[in-house]
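Following: one structure in structure tokens, then a few remarks.
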Amino acid sequence: EVDGVIAFNQWSLLELIEALGSVSPPEGEDPLTPRNLLSALEDGTDRYGRAYMDLVLQGVIDKMASETSLTMLVRLASAMFRALQSRDLVLHFDDPDAQAAMEKLGWAGLIEPVRGDYLYVVDSNVGWSKVDRNIEREVSYLVDLSKRDRPRARLTLRYVNHSGPGSPPCEPQWLNRGTDYSQLVNACYWNFVRVYMPLQSRLLSQTKLPLPELSVSVEIGIGSPGQETGKLSASHGKAVFSGLSVVPPGETREIALAYDLPAGPLADEDGSLVYELTVQKQPGVKTRKTSVNLVSPIGYHVSASSVPYVIQENGRVSISLTLMRDETISVTFVED
């Protein structure tokens, strides 16, 4: 019986150690500090397996329990708050009241039920590697609001694999790509991608995502070579596009989707039209460059925004941000 679950990753651990200053390592060598933590985790995991992370966490807990000064408690609370805001620390409690509080604060890891438009991109490495740290991610999202009853969205996901030359080939998917972190980090990127969008979105077109011949699905007989993996389904009150994309070392791949949004992204407020977009951040993905471009409703122009914006030569409203936490963007349009 447990009271709840705390999910964390190396970025939240880094926040805690920055607050604590240092912790004693399991093997009794030099202290773990913010400067050497990530490399120490890589080396320790190579030598001792996943148990090394458990021992590091125990060291963090012991240090937290021994630090009782007000200054240190404030630093720890600030570190935890930043990790919760960036979704690198996620909480679940069995107690209904505590869980309701976590959900209200956005700390429960939920796919949020929101009004207006919604975008949540989730990447999953299914290639037996540690290549995620070499992947650069970008999102470009264009919404044409000129048709107020059925706005049209165009989404482009861009992935750059910065793995160096000499990396193992992409196929087969189950290829042994090394025995230590330095080898496993340079590899092909097998990405099972999911895009959560408003329910009742209507997919119009997509980049083809064929199933590779030497994939696990083909090997175990539940797929055929070249079969289209991209599809639209529904889950957690959202429409979900999912598919398998392969990005070889040193190369770039893009996934483009076009879809009609359901009625609702534009709200009429005292004669003004308000567009609201919630963009959720994936836990574990440190940053994702994101650009949002809006075509104004016919007969309207932008008057205010919750985030900085620029007006392009073609009249589009352009917003650029680096996604490090959940963001809600609100743009107000008034009649010309």
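Letters for chains follow the order of the structure tokens (A, B, ...), residue numbers begin at 1 for each chain, and ligand numbers begin at 1 in the order shown.
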Test item, strand (DSSP E or B) assignment across region 130-328 of chain A, answer as a ChimeraX atom specification: /A:135-144,152-161,189-198,202-206,210,228,231-235,238-247,252-260,266-269,272-280,288-295,300-305,310-311,317-323,327-328
Could you give me, as number ranges by chain, the residues within 6 Å of Trp190 (chain A), counting only C-alpha atoms and dropping anything in the same chain fewer than 6 positions from it? A: 125-127, 246
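Take CA of Asp117 (chain A) and CA of Tyr309 (chain A): the distance between them is 18.0 Å.
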List the spatial neighbours of Val114 (chain A) as a PDB file with N, CA and C atoms, in the first residue's frame - criterion: any atom at most 10 Å away, only C-alpha atoms, same-chain residues fewer than 3 positions off excluded.
ATOM      1  N   ILE A 111      -3.264  15.063 -19.257  1.00  0.00           N
ATOM      2  CA  ILE A 111      -3.564  15.707 -20.530  1.00  0.00           C
ATOM      3  C   ILE A 111      -4.746  16.627 -20.240  1.00  0.00           C
ATOM      4  N   ASP A 117      -8.101  26.007 -28.331  1.00  0.00           N
ATOM      5  CA  ASP A 117      -7.220  25.115 -29.085  1.00  0.00           C
ATOM      6  C   ASP A 117      -6.224  24.448 -28.146  1.00  0.00           C
ATOM      7  N   TYR A 118      -5.658  23.329 -28.625  1.00  0.00           N
ATOM      8  CA  TYR A 118      -4.783  22.522 -27.763  1.00  0.00           C
ATOM      9  C   TYR A 118      -3.750  21.804 -28.616  1.00  0.00           C
ATOM     10  N   PRO A 198      -7.480  19.005 -30.369  1.00  0.00           N
ATOM     11  CA  PRO A 198      -8.875  19.001 -29.900  1.00  0.00           C
ATOM     12  C   PRO A 198      -9.679  17.846 -30.493  1.00  0.00           C
ATOM     13  N   GLU A 276      -7.518  31.184 -27.972  1.00  0.00           N
ATOM     14  CA  GLU A 276      -6.710  30.675 -26.863  1.00  0.00           C
ATOM     15  C   GLU A 276      -6.123  29.319 -27.244  1.00  0.00           C
ATOM     16  N   LEU A 277      -4.836  29.179 -27.046  1.00  0.00           N
ATOM     17  CA  LEU A 277      -4.114  27.945 -27.368  1.00  0.00           C
ATOM     18  C   LEU A 277      -3.334  27.491 -26.139  1.00  0.00           C
ATOM     19  N   THR A 278      -3.549  26.244 -25.732  1.00  0.00           N
ATOM     20  CA  THR A 278      -2.754  25.632 -24.670  1.00  0.00           C
ATOM     21  C   THR A 278      -1.742  24.682 -25.318  1.00  0.00           C
ATOM     22  N   THR A 328      -0.103  28.823 -22.064  1.00  0.00           N
ATOM     23  CA  THR A 328      -1.415  29.186 -22.589  1.00  0.00           C
ATOM     24  C   THR A 328      -1.308  30.549 -23.257  1.00  0.00           C
TER      25      THR A 328
END
List the spatial neighbours of Val5 (chain A) as a ChimeraX atom specification - criterion: any atom at most 9 Å away, only C-alpha atoms, same-chain residues fewer than 4 positions off excluded. /A:90-94
Just the selected residues (all heavy atoms), exported as a short mmCIF file (atom, residue, chain, number, x, y, z; two decimals), in the first residue's frame, please.
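Writing the result to out-v3.cif gives the following:
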data_model
loop_
_atom_site.label_atom_id
_atom_site.label_comp_id
_atom_site.auth_asym_id
_atom_site.auth_seq_id
_atom_site.Cartn_x
_atom_site.Cartn_y
_atom_site.Cartn_z
N VAL A 90 6.37 15.01 -11.34
CA VAL A 90 4.93 14.81 -11.48
C VAL A 90 4.44 14.00 -10.27
O VAL A 90 5.10 13.04 -9.85
CB VAL A 90 4.60 14.08 -12.79
CG1 VAL A 90 3.10 13.91 -12.96
CG2 VAL A 90 5.16 14.84 -13.97
N LEU A 91 3.28 14.39 -9.74
CA LEU A 91 2.80 13.81 -8.48
C LEU A 91 1.42 13.17 -8.64
O LEU A 91 0.56 13.69 -9.37
CB LEU A 91 2.70 14.89 -7.40
CG LEU A 91 3.96 15.74 -7.17
CD1 LEU A 91 3.66 16.84 -6.15
CD2 LEU A 91 5.11 14.88 -6.69
N HIS A 92 1.22 12.06 -7.94
CA HIS A 92 -0.11 11.44 -7.86
C HIS A 92 -0.33 10.97 -6.43
O HIS A 92 0.54 10.31 -5.84
CB HIS A 92 -0.24 10.24 -8.80
CG HIS A 92 -1.53 9.50 -8.60
ND1 HIS A 92 -2.70 9.90 -9.19
CD2 HIS A 92 -1.83 8.41 -7.86
CE1 HIS A 92 -3.68 9.09 -8.83
NE2 HIS A 92 -3.17 8.17 -8.02
N PHE A 93 -1.49 11.32 -5.86
CA PHE A 93 -1.83 10.90 -4.50
C PHE A 93 -3.11 10.08 -4.51
O PHE A 93 -4.04 10.37 -5.27
CB PHE A 93 -2.00 12.13 -3.60
CG PHE A 93 -0.73 12.90 -3.37
CD1 PHE A 93 -0.50 14.10 -4.03
CD2 PHE A 93 0.24 12.42 -2.51
CE1 PHE A 93 0.67 14.80 -3.84
CE2 PHE A 93 1.42 13.12 -2.31
CZ PHE A 93 1.64 14.32 -2.98
N ASP A 94 -3.16 9.08 -3.62
CA ASP A 94 -4.38 8.30 -3.47
C ASP A 94 -5.47 9.12 -2.78
O ASP A 94 -6.66 8.86 -2.97
CB ASP A 94 -4.10 7.02 -2.68
CG ASP A 94 -3.32 6.00 -3.50
OD1 ASP A 94 -3.18 6.24 -4.72
OD2 ASP A 94 -2.86 5.00 -2.94
#
Go through A:Val285, A:Ala98, A:Leu203, A:Ile61 one by one, measure the shortest atom-to-atom distance of each to Glu136 (chain A) using only C-alpha atoms, and give the residue with the smallest value. A:Val285
